[in-house]
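Worksheet: the structure to be examined is printed underneath.
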Amino acid sequence: MESQKPHRRLSRRDAIKTATAAGIAASIGPFFHVTPARAAKTLKILQWSHFVPGYDRWFNNTYTKEWGKKNDTEVIVDNINLALLESRAAAEVSAQKGHDLFMFLMPPSVFEDQVVPMNEVYAECEKVNGKAIDLGIKSSYNPKTKRYFAFSDSYVPDPVNYRTDLWGDIGMKPDTWDDIRVGGKKIKDKTRIPVGIGLSAEIDTGVAMRAIMYSFGAHEQDEAGNLTVNSKNTLEALRFVKGLFEDCMTPEVLAWDASSNNRQMLAGRSSLVLNAISVTRTGENQKMAIHEKIAVAKAAKGPVRRMGLEHVMDCYVIWKFAENIPGAQKFLVDYIANFKEAFLASEFYNFPCFPQTVPDLKQLISNDKKAVPPDKYAVLEDVLDWATNIGYPGYSTAPISDTYQTWLLNTAFAEAATGAETPEDALKKLDTKMKAIWAKWKERGMI
Amino acid sequence: MTTATANAVTAKAGWRTRLADNERLLWPLMLAPAILYIVLLVGFPFLLSLFYSVSDVTVGSRSMNFVGLENFHRVVASNTFWIALKNTLIFTIVSQFFVLVFANILAMALSADFRGKWLVRLLILLPWVAPISLGAIGWLWIYDSIYSVINWTGQALRILGPNDWPIWLGQPNLAMASIIVVQIWRIVPLATVILLAGLTSIPQDIHDAAAVDGAGFWRRTLQITFPLLLPITLVAVLFGIVFTFTDMIVVFLLTRGGPYDQTQVLATWAFFTGIQGGDLAGGAAVSLFLFPVLVAVAIVFLLLARRSEVT
């Protein structure tokens, strides 16, 4: 006869012990993972979650995997929201631990002391792929220390996106800033659909306000890096934005984040925005009929010149404390050699800083399968004639970065536009704040 | 059970009992985790920011030089500081006033017995236990300039005209009101729970005796409940003030200080200066302005709480 085991009831103590054990296991479990066959080396990369999801799929699942196999390296890619890049970088520097390659979306000049100079990487890439563009150099080079503090593989053009139906109805095209103000007002009066150029604390506003300033002949600094914001041209730019806001926009632009202009345009609630081609790409990929009514134009011409900015600037750095510095350098050199794949995966979002890597760029953008019409993006072929870096005509230095990241220009333009300050007072306040920033970084030996 | 096993069990129990009765050993042992936590996660960063604020450290530098009070001079000279200080005070005082009113009402309602009380308690606690980033993103959509649920509902109910479309986060006064509403929504659950604990600790006998003496609801509330609740109310308000004064999440996620600095608070400005702008020393100096104010508030509130204790 089989003996029966006596049943023991689960006591409350047992239940608490079991639950505690399960809790501890669940908490620390993720820190213990078994990898069956590890590669000899590891390369950790951190970059933003790309606006074109297909790029991340290609980069994370195809390109880095293949590169890893060829180089006996396990490549780990982490993607984070673009707004978190600076705080993550600060945390990695503070801990002196983190990723081997870290990608910023604007020149990270304040981190120069913490990064491996990229002079050799540039030299290696230029041997095979020809010279890098001036926009890339200005965004990654410190003329004072003669060091490249970052490596720019690509930039994103920032054209004008406008509704062809609305602008067609009034018989105009937004070629100049004056056209935008006159045409934008006509459209708003007729249809209540406003122009959508941000005036808030976010990157698209920062780029748009600088595009207006530069095309009006106003600059934060001169070629040598001296502060020049307090000028007649800046005042003109502030007055222009005030008029543009009053005639053509609504207060919603004061509340925007970096994707609001995309949403407004795709919701049919804007006649014109300044943005990368992510607006139309989103429309095409999500099969929204409105994308066919959105055209792309060159940066608008101001009284002095036609000048826009890059929408974002890819800037890779290698930390001095990175564990795989040679691997990170080799990755960048190889990445540039294969940049055409990246250009295609980004659906023409990321333009090359080494133009020879995509020799047929003009043909490719002139015949896009998704765009309606197929040559919609052909207007970007001469983008380098009308796109420049933050800090033009100088380099993207620490005070330029500080001014950009603390939204000083955005605030000054918004104050002038809404009448919270007169353009004169807004400029005076801006000049005082920027003088303090220039003095601070000068004392710290960064300029 | 053998004698040896029984002795072992007794010895084990005896060791526990001895420890439980040894106050000299027990209190430091029980306090140690809290002290360790405060030293590592509060004390060390605080000392570090003191150190940073009198230096020229940046996010990208490991070396630093002593610069005295220069960062503080620079901060005080900036008009953004005064705007941020004013906004911080408005944000804190207005939100905590409403938190106090709503938490009292909710605590009283929840101290009564009714069906489904546990569900109501759960729903009220949700904003506190859910990650603020998720909640704030929900609010971002509620206030969205294009898809605002409030505006849509207002138009559907004809409270708003067809051309009325308030821009909640884009107009200075509305933006300030919007972040205050979210902060109230966030802090009310904590204050409610604290006040509810206070309410349940008031002996029922006192209410019964007052009722027998003919005291109505308002007299019982104003002359018994509120005075007895005062010490714990002050603690709830103190928590609310500290959390609100030092909070940057709501402002950062909803307005990032805009429109044109009209919702900028000291905590967000410290972040923008120190982390985004790279001036770690300047950011530390801004954040340290919070400290003396909070210390003063804490001392005043704790003194008041002690004086109002009913023994």
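Numbering starts fresh at 1 for the residues of each chain in the structure tokens, the chains themselves are lettered A, B, ... in the order given, and ligands are numbered from 1 as they appear.
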(request) Write out as JSON, numbers by chain every residue belonging to chain B that has an atom at most 9 Å from any atom of chain A, counting only C-alpha atoms. (result) {"B": [56, 57, 58, 59, 60, 61, 62, 74, 78, 79, 144, 145, 146, 166, 167, 168, 169, 170, 171, 175, 254, 255, 256, 257, 258, 259, 260, 261, 269, 271, 272, 273, 275, 276, 277, 278, 279]}
(request) Name the residues in contact with segment 188-200 of chain B at a cut-off of 10 Å, using only C-alpha atoms, excluding same-chain residues fewer than 2 positions from it; report them as a PyMOL selection string. (result) chain B and resi 95-96+98-111+121-129+183-186+202-204+225-226+228-240
(request) For Val67 of chain B, list every protein, DNA or RNA residue within 9 Å, evaluated using only C-alpha atoms, and leave out those in the same chain fewer than 6 positions away; present the list as a ChimeraX atom specification. (result) /B:53-56
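Compared by their closest atoms to Asn173 of chain B, and using only C-alpha atoms, the residues B:Phe72, B:Val39, B:Ser308, B:Thr263 rank with B:Thr263 nearest.
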(request) Name all residues at most 12 Å from Asn81 of chain A (count only C-alpha atoms; drop same-chain ones fewer than 6 positions away) and give them as a list of chain:residue names. (result)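 Here the answer would be A:Leu46, A:Gln47, A:Trp48, A:Ser49, A:His50, A:Phe51, A:Ser87, A:Arg88, A:Met103, A:Phe104, A:Leu105, A:Ala258.
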(request) Report as a PyMOL selection string: the residues of segment 226-366 of chain A with a DSSP assignment of alpha helix (DSSP H), based on the backbone of this structure. (result) chain A and resi 232-248+260-266+278-285+325-337+339-345+361-366
(message) Need to verify the contact set: Met172 of chain A, 12 Å, only C-alpha atoms, exclusion of same-chain residues closer than 2 positions in sequence. Can you return it as a list in words?
(response)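 Residues near the query, excluding close chain neighbours: Tyr162, Arg163, Thr164, Asp165, Leu166, Trp167, Gly168, Asp169, Ile170, Pro174, Asp175, Thr176, Asp178, Asp179, Ile180, Arg181, Val182, Gly183, Gly184, Lys185, Lys186 and Ile187 of chain A.
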(request) Identify all residues of segment 157-198 of chain A in strand (DSSP E) (DSSP on the backbone) and supply them as a PyMOL selection string. (result) chain A and resi 157+160-163+195-196
(request) Using atom CA of Leu101 of chain A and atom CA of Leu48 of chain B as the two end points, give the distance in Å to one decimal. (result) 28.0 Å
(message) From the options B:Ile93, B:Leu69, B:Val149, B:Tyr143, which residue's atoms come nearest to Phe243 of chain B, counting only C-alpha atoms?
(response)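 Ranked by minimum distance to Phe243 of chain B, first place goes to B:Ile93.
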(message) I'd like the neighbourhood of segment 350-366 of chain A as a PyMOL selection string, where a residue qualifies if any of its atoms comes within 10 Å (using only C-alpha atoms), though same-chain residues fewer than 6 positions away should be ignored.
(response) chain A and resi 52+55+125-126+128-137+151-157+276-277+310-314+336-344+373-383
(request) Work out how far atom CA of Gly308 of chain A is from atom CA of Gly198 of chain A, in Å to one decimal. (result) 15.0 Å
